[in-house]
Amino acid sequence: MAQPRGAAGGGRRGERPGGRTVRSGASRGPYGRDPQSSPVPYGAARRFLRALPPLIIVGGVLFDLATPPTYTAAPLFSAAPLVAAPFFSRLTTLLTGLAAILASVGLHVYNDTLSDVPSLTETLTVVTVSALAMLINLVVRRSGERLASARVIAEAAQRAVLPMPAERIAGLQCAARYEAAQADAFIGGDLFAVQDTPYGVRLVVGDVRGKGMDAVEAVAVVIGAFREAAEQEAVLEGVAQRLERALTREGTRREGLDAFEGFTTAVIAEIPREGGLVRIVNRGHPPPLLLYGDGRLEAVEPAEPALPLGMGELSVWPDRAEERPYAPGATLLFYTDGLSEARDEHGVFYDPAARLAGAVFPGPEELLDALVDDVRRHTGGGSTDDMALLAVSRPATGAPPRRRTMPVVPPGRTDR
């Protein structure tokens with residue numbers, strides 16, 4: 001959730017080592033150290049699940065053979081198809097149930113107890129449970145199909161509301177990531193957009209107050225207003241004012257607390273085609289980081305703090321775009337507070353400036369790959385807030401073109 005800068009409590013009390021190896025310059029930052037141990041591969045758990053139903057049946061047969069006839073393995077034979085139902089296909093579940101039934105009947109024949117009432121009851125129980133397992137499998141499969149359909153729709157909505165920038169825009173290299181804190185969500189209240197305009201490449205990175213559909217609606221409003229204003233406004237301050245008015249209009253259509261306290265922290269930037277500089281308007285957002293080709297790093301702090309978008313009526317000073325040198329080989333990293341406020345198990349905030357200091361990356365893709373991995377290590381794979389990242393590099397003279405292959409990272413991945 002977006003907050004005006006300085007509103008969140010706490011601070012960084014220390015750092016946890018970790019990171020993955022990248023090409024670095026004279027100084028090796030935390031990304032030069034060995035990564036922590038990896039969890040058990042998903043493939044091993046999958047192989048165990050595949051082997052579990054037959055192992056249960058074999059265990060039931062051995063148990064029945066090793067014990068007197070008064071002891072029964074019917075619970076094990078009933079458990080096998082139930083285990084198979086949620087994880088395997090309809091055919092596999094059916095075969096597992098048939099195998100459990102045949103094992104139960106075969107053991108009763110072997111023990112010469114097939115006609116006994118308890119034996120018939122046990123066999124009927126296995127048959128009934130196997131039939132229920134088929135029903136469970138059907139329900140799970142249909143639910144999985146609905147979930148897959150919902151995920152496809154969510155991906156389409158994400159691409160419509162929050163499209164990924166092109167890998168190269170007006171000679172600049174771009175890469176972006178979005179990680180939603182809520183499982184199976186693809187978009188929340190964080191946003192980014194990059195656009196080539198007559199005035200240079202303009203971009204916005206922001207964080208809408210709140211969560212859920214209201215936040216997604218505000219994201220659509222901000223990005224829509226930015227797309228139009230970036231083409232029409234001659235100066236960056238005009239773009240900021242257009243976004244301010246768009247959010248003000250949106251607030252009049254809301255009810256309750258959001259009608260009065262809705263706001264969006266944002267950084268709006270402009271990179272002219274000539275001049276080797278970047279212009280930035282910061283409206284209460286975490287400062288971008290400027291990474292140089294030799295490993296140096298600096299935070300692009302605003303000279304004067306400003307209120308977030310949507311709170312302009314409370315301020316008395318106009319927007320002022322600040323200029324900074326942006327040399328070839330340098331990379332601008334924009335991020336939301338989901339990165340800087342990510343905590344480890346001890347409550348220590350993640351400090352991107354400290355973690356990236358001294359590291360050199362071949363391109364923006366590698367920078368974001370390493371950054372996302374390191375945040376996952378820091379938080380233990382979990383996060384309580386959405387995180388949007390945007391890296392824009394001005395290639396050095398003679399640098400080859402790069403191809404971006406990594407998509408937006410969905411939540412739930414913890415390959416650390």
# chains A, B, ... in the order shown; residues from 1 in each chain; ligands from 1
>>> residues_around(residues="range 80-95 of chain A", least_positions_apart="6", cutoff="9 Å", atoms="only C-alpha atoms", output="ChimeraX atom specification")
/A:49-50,52-57,129-141
>>> select_by_dssp(residues="range 101-218 of chain A", states="strand (DSSP E or B)", output="list in words")
Arg168, Ile169, Leu172, Gln173, Cys174, Ala175, Ala176, Arg177, Tyr178, Glu179, Asp190, Leu191, Phe192, Ala193, Val194, Gln195, Asp196, Thr197, Gly200, Val201, Arg202, Leu203, Val204, Val205, Gly206, Asp207 and Val208 of chain A
>>> atom_distance(atom1="CA of Ala234 in chain A", atom2="CA of Arg202 in chain A")
11.4 Å
>>> residues_around(residues="Thr379 in chain A", least_positions_apart="4", cutoff="8 Å", atoms="only C-alpha atoms", output="list in words")
Ala342, Arg343, Asp344, Glu345, Val375 and Ser383 of chain A
>>> residues_around(residues="Leu332 in chain A", least_positions_apart="4", cutoff="10 Å", atoms="only C-alpha atoms", output="PyMOL selection string")
chain A and resi 174+278+288-292+297-300+326+364+390-394
>>> atom_distance(atom1="CA of Trp317 in chain A", atom2="CA of Val205 in chain A")
21.9 Å
>>> atom_distance(atom1="CA of Glu270 in chain A", atom2="CA of Gly329 in chain A")
17.4 Å
>>> select_by_dssp(residues="range 110-286 of chain A", states="helix (DSSP H, G or I)", output="VMD selection string")
chain A and resid 110 117 to 161 212 to 232 236 to 252 258 to 261
>>> residues_around(residues="Gly60 in chain A", least_positions_apart="3", cutoff="6 Å", atoms="only C-alpha atoms", output="list in words")
Ile57, Phe63, Ala73 and Leu76 of chain A
>>> closest_residue(among="A:Glu365, A:Gln241, A:Ala327, A:Tyr110", to="Glu167 in chain A", atoms="only C-alpha atoms")
A:Glu365
>>> residues_around(residues="Arg296 in chain A", least_positions_apart="3", cutoff="10 Å", atoms="only C-alpha atoms", output="tab-separated table (two decimals) with N, CA, C and O atoms, in the first residue's frame")
chain	number	residue	atom	x	y	z
A	25	GLY	N	32.29	-5.42	-11.12
A	25	GLY	CA	33.46	-4.64	-11.41
A	25	GLY	C	34.50	-4.78	-10.33
A	25	GLY	O	34.75	-5.83	-9.78
A	27	SER	N	34.47	-3.82	-7.33
A	27	SER	CA	33.93	-4.16	-6.01
A	27	SER	C	32.80	-5.14	-6.16
A	27	SER	O	31.95	-5.00	-7.02
A	290	LEU	N	20.38	5.45	-9.43
A	290	LEU	CA	21.16	5.58	-10.66
A	290	LEU	C	22.42	4.74	-10.50
A	290	LEU	O	23.27	5.03	-9.66
A	291	LEU	N	22.53	3.68	-11.29
A	291	LEU	CA	23.66	2.76	-11.23
A	291	LEU	C	24.59	3.04	-12.41
A	291	LEU	O	24.16	2.98	-13.57
A	292	TYR	N	25.83	3.34	-12.10
A	292	TYR	CA	26.81	3.63	-13.15
A	292	TYR	C	27.52	2.35	-13.59
A	292	TYR	O	27.49	1.32	-12.89
A	293	GLY	N	28.17	2.44	-14.74
A	293	GLY	CA	28.83	1.27	-15.30
A	293	GLY	C	30.02	0.78	-14.51
A	293	GLY	O	30.46	-0.36	-14.70
A	330	ALA	N	24.86	3.87	-17.93
A	330	ALA	CA	24.18	3.97	-16.64
A	330	ALA	C	22.78	3.37	-16.74
A	330	ALA	O	22.19	3.28	-17.81
A	356	LEU	N	22.84	-3.18	-3.80
A	356	LEU	CA	23.32	-3.05	-5.18
A	356	LEU	C	24.65	-2.33	-5.29
A	356	LEU	O	25.27	-2.36	-6.35
A	357	ALA	N	25.10	-1.69	-4.22
A	357	ALA	CA	26.34	-0.91	-4.28
A	357	ALA	C	27.52	-1.80	-4.67
A	357	ALA	O	27.74	-2.86	-4.10
A	358	GLY	N	28.26	-1.37	-5.67
A	358	GLY	CA	29.45	-2.09	-6.11
A	358	GLY	C	29.21	-3.16	-7.13
A	358	GLY	O	30.17	-3.72	-7.65
A	359	ALA	N	27.95	-3.46	-7.44
A	359	ALA	CA	27.66	-4.52	-8.41
A	359	ALA	C	27.48	-3.93	-9.80
A	359	ALA	O	26.99	-2.82	-9.97
A	360	VAL	N	27.90	-4.68	-10.81
A	360	VAL	CA	27.76	-4.27	-12.20
A	360	VAL	C	26.99	-5.37	-12.93
A	360	VAL	O	27.30	-6.55	-12.77
>>> residues_around(residues="Gly310 in chain A", least_positions_apart="2", cutoff="7 Å", atoms="only C-alpha atoms", output="ChimeraX atom specification")
/A:244,247-248,262-264,308,312
>>> closest_residue(among="A:Val105, A:Leu98, A:Val235, A:Val204", to="Asn282 in chain A", atoms="only C-alpha atoms")
A:Val204
